[in-house]
Amino acid sequence: MPKPPKQIEGRREHRPGLGRVRAESSPGGSAPRAERRLWGGPGVRAAPHPHSSRASALRPWGVVGAWVGRGVCQRTRAPGKERSQNERMFASGWNQTVPTEEAGSMAALLLLPLLPLLLPLLLLKLHLWPQLRWLPADLAFAVRALRCKRALRARALAAAAADPEGPEGGCSLAWRLAELAQQRPTHTFLIHGSRRFSYSEAERKSNRAARAFLRARGWDWGPGGDSSAGSAGEGERAAPGAGDAAAGSGAALAGGDGAARGGGVAAPLAPGVTVALLLPAGPEFLWLWFGLAKAGLRTAFVPTALRRGPLLHCLRSCGARALVLAPEFLESLEPDLPALRTMGLHLWAAGPGTHPAGMSDLLAEMSTEGDGPVPGYLSSPQSITDTCLYIFTSGTTGLPKAARISHLKILQCQGFYQLCGVHQEDVIYLALPLYHMSGSLLGIVGCLGIGATVVLKSKFSAGQFWEDCQQHRVTVFQYIGELCRYLVNQPPNKAEHGHKVRLAVGSGLRPDTWERFVRRFGPLQVLETYGLTEGNVATINYTGQQGAVGRASWLYKHIFPFSLIRYDVTTGEPIRDARGHCVATSPGEPGLLVAPVSQQSPFLGYAGGPELAQGKLLKDVFRPGDVFFNTGDLLVCDDQGFLRFHDRTGDTFRWKGENVATTEVAEVLEALDFLQEVNVYGVTVPGHEGRAGMAALALRPPHSLDLMQLYTHVSENLPPYARPRFLRLQETLATTETFKQQKVRMANEGFDPSTLSDPLYVLDQAVGAYLPLTPVRYSALLAGDLRI
């Protein structure tokens with residue numbers, strides 16, 4: 001891939017550390033091509049490619065609570081030329097971003113030799129010492145973040161200068177894979193079971209997938225798929241924001257439009273539409289995802305456990321026009337097929353088998369296509385903040401929401417493992433679902449960012465983990481807290497000694513499990529992180545401080561701005577002072593984590609109406625007019641500047657690495673005719689991460705409790721992690737004086753049959769039924785012999 005030239009059309013000045021590149025025009029007044037195509041804007045744009053309708057190239061990009069920087073490329077105007085209104089507005093916005101995080105970080109580096117002189121003065125304020133002792137680690141991480149940002153910027157500039165007919169001229173995911181196929185063609189990218197795929201093989205397979213999807217758009221590549229242009233769909237591009245508008249229509253587009261086209265018959269795919277993937281973690285998931293990106297289509301990652309109403313809701317919310325599903329899911333999806341056809345979805349199966357009428361094998365169609373590169377302009381976005389992907393999150397209430405993932409976030413996630421200190425010769429073990437951000441964006445895209453090898457597991461096996469690590473010489477393990485707990489609860493294994501794992505990266509690891517994990521399987525480093533799929537802030541515990549999720553040092557917060565504010569758990573609102581502004585917390589005080597929303601760190605929200613983002617944005621936090629993203633999480637910052645997770649706000653609790661909305665679970669249970677009232681909450685279970693779901697039930701007279709029907713109902717309508725583990729049968733449910741359900745008190749009472757007189761039941765996973773929670777079963781649960 002070509003690198004940005006040092007001198008283009010005149011003198012070019014680069015000031016390291018300031019994150020800003022300026023270029024003086026040649027007498028002709030034209031800007032460098034790379035800058036024109038990357039930044040665009042009035043009077044700063046490249047001539048459009050004959051096959052592309054791009055009116056402008058990628059607009060100025062910045063940080064989404066991360067590490068890509070606030071750099072801006074500007075073009076010097078000809079003498080006497082007036083600024084346009086847009087240029088004046090943008091220049092004003094740029095001035096407000098100075099100094100940048102690079103400037104602050106490099107200034108800190110310049111001050112480092114002066115520390116011996118400054119230290120006595122600083123020690124006069126003794127309360128600063130606990131944080132100053134970590135200054136070297138803070139500076140080291142800042143330098144790493146700056147290097148990462150510069151590398152990503154260089155890639156984006158090179159892609160902007162590339163030929164739009166070539167693969168390097170497309171979206172960040174397309175050109176990064178093409179770059180690795182050129183730089184490391186034979187290096188192993190993916191290991192799945194006994195199958196291995198190099199970077200060049202990944203490039204070819206994703207090209208076949210892209211051509212299959214383009215043919216579904218109406219393109220004709222000719223015999224063997226070797227033609228470089230199509231006739232039916234040539235030059236088609238989606239209008240900016242068209243896909244989000246389509247998704248925003250939700251049921252109107254995905255629910256009723258198909259029937260309007262004639263009885264649910266699927267129409268050819270249009271440019272920029274959404275294709276949903278309902279697939280387990282495996283190579284095929286990746287080839288199809290990469291292929292959709294190269295074809296200029298949006299992808300929606302659908303959780304594999306969803307069926308019936310929740311599944312249809314997800315497809316409607318993102319405006320999906322097609323669905324690719326695994327053949328092994330066909331049996332469980334059979335009741336949903338009529339509704340899917342009514343929606344007018346184009347249905348594919350990802351593999352051979354006996355398929356229903358109207359469903360074809362997409363992998364077979366891919367095998368007939370050529371594997372040559374597709375033009376980059378097909379996937380190049382109008383703006384780097386355009387949506388390229390939907391990842392579903394439960395949010396705080398209700399059904400899952402389709403979080404918008406931009407091209408910028410994909411680019412930034414390429415730097416995740418570089419920030420964590422992982423190198424291209426490392427081997428990463430990934431056993432997380434790919435429909436989650438942790439698995440897909442951090443695991444896979446992060447691996448692409450450094451060009452390393454990933455060992456992908458469709459399902460995590462604690463008993464096989466260390467054998468896999470020994471066999472594939474794994475050096476990095478990406479976890480959620482529950483996986484580490486599974487490992488420390490396993491009996492001793494010879495393979496757990498002598499392994500090469502040096503680093504564990506993830507989130508949700510409890511301090512007690514952390515200590516046991518390191519003591520048993522060390523020496524290794526644990527790198528705990530925190531972030532949200534739709535969020536604009538992330539934290540990384542780069543010091544390895546046990547139990548912390550990150551740092552709140554002044555330098556870290558300059559690169560990753562955030563604040564902790566006081567929060568009233570009774571009202572569910574931040575505490576404000578007499579002026580109506582929020583109040584920052586003191587060390588040791590739990591506070592709501594919020595992050596400023598700006599051009600450098602936007603909140604993109606969800607597919608659908610603005611009401612879906614209600615409560616996610618806080619206004620007038622510290623000054624009139626400011627806007628902050630509300631994470632919905634309570635964190636604590638200690639006197640040394642370390643952040644620790646405290647709890648989730650509202651009624652949401654976390655179980656098996658997933659956020660569970662109590663309102664969604666209650667609505668499903670209340671659909672049973674023998675239940676009159678339901679109160680769902682989370683309870684702590686000794687030896688388990690997070691909180692397990694528990695439901696207090698009141699029967700509708702004269703019905704009785706039907707445990708078999710209840711189990712069947714929740715199994716069909718709730719994903720496994722959301723199914724209540726405990727039931728508590730009551731005559732009437734306790735409420736407050738304002739008729740609100742008593743969740744906190746019920747959660748504190750727990751599920752001990754020796755202290756509660758109400759009938760209790762537990763979900764036995766092995767039996768597949770709710771059974772009475774007797775003292776014997778309670779003891780077995782505490783001993784770890786009863787799996788919930």
# chains A, B, ... in the order shown; residues from 1 in each chain; ligands from 1
$ residues_around --residues "Lys743 (chain A)" --least-positions-apart "4" --cutoff "12 Å" --atoms "only C-alpha atoms" --output "ChimeraX atom specification"
/A:570,650-653,662-663,678-683,693-696,733-736,739,747-750
$ closest_atom_pairs --of "region 322-371 of chain A" --to "region 294-301 of chain A" --cutoff "12 Å" --atoms "only C-alpha atoms" --output "CSV"
residue,atom,partner,partner_atom,distance
A:Ala322,CA,A:Thr299,CA,9.8
A:Leu323,CA,A:Ala300,CA,9.2
A:Val324,CA,A:Ala300,CA,10.2
A:Leu325,CA,A:Phe301,CA,11.0
$ residues_around --residues "Pro356 (chain A)" --least-positions-apart "3" --cutoff "9 Å" --atoms "only C-alpha atoms" --output "list of chain:residue names"
A:Leu330, A:Leu337, A:Met359, A:Ser360
$ atom_distance --atom1 "CA of Tyr486 (chain A)" --atom2 "CA of His436 (chain A)"
19.9 Å
$ residues_around --residues "Gly169 (chain A)" --least-positions-apart "3" --cutoff "6 Å" --atoms "only C-alpha atoms" --output "JSON, numbers by chain"
{"A": [159, 162, 163, 164, 166, 376]}
$ select_by_dssp --residues "region 349-580 of chain A" --states "strand (DSSP E or B)" --output "ChimeraX atom specification"
/A:349,360-361,387-393,401-406,427-430,453-456,476-480,503-507,525-531,538-540,550-551,563-565,567-568,573-574,576
$ select_by_dssp --residues "region 521-576 of chain A" --states "helix (DSSP H, G or I)" --output "number ranges by chain"
A: 521, 554-559
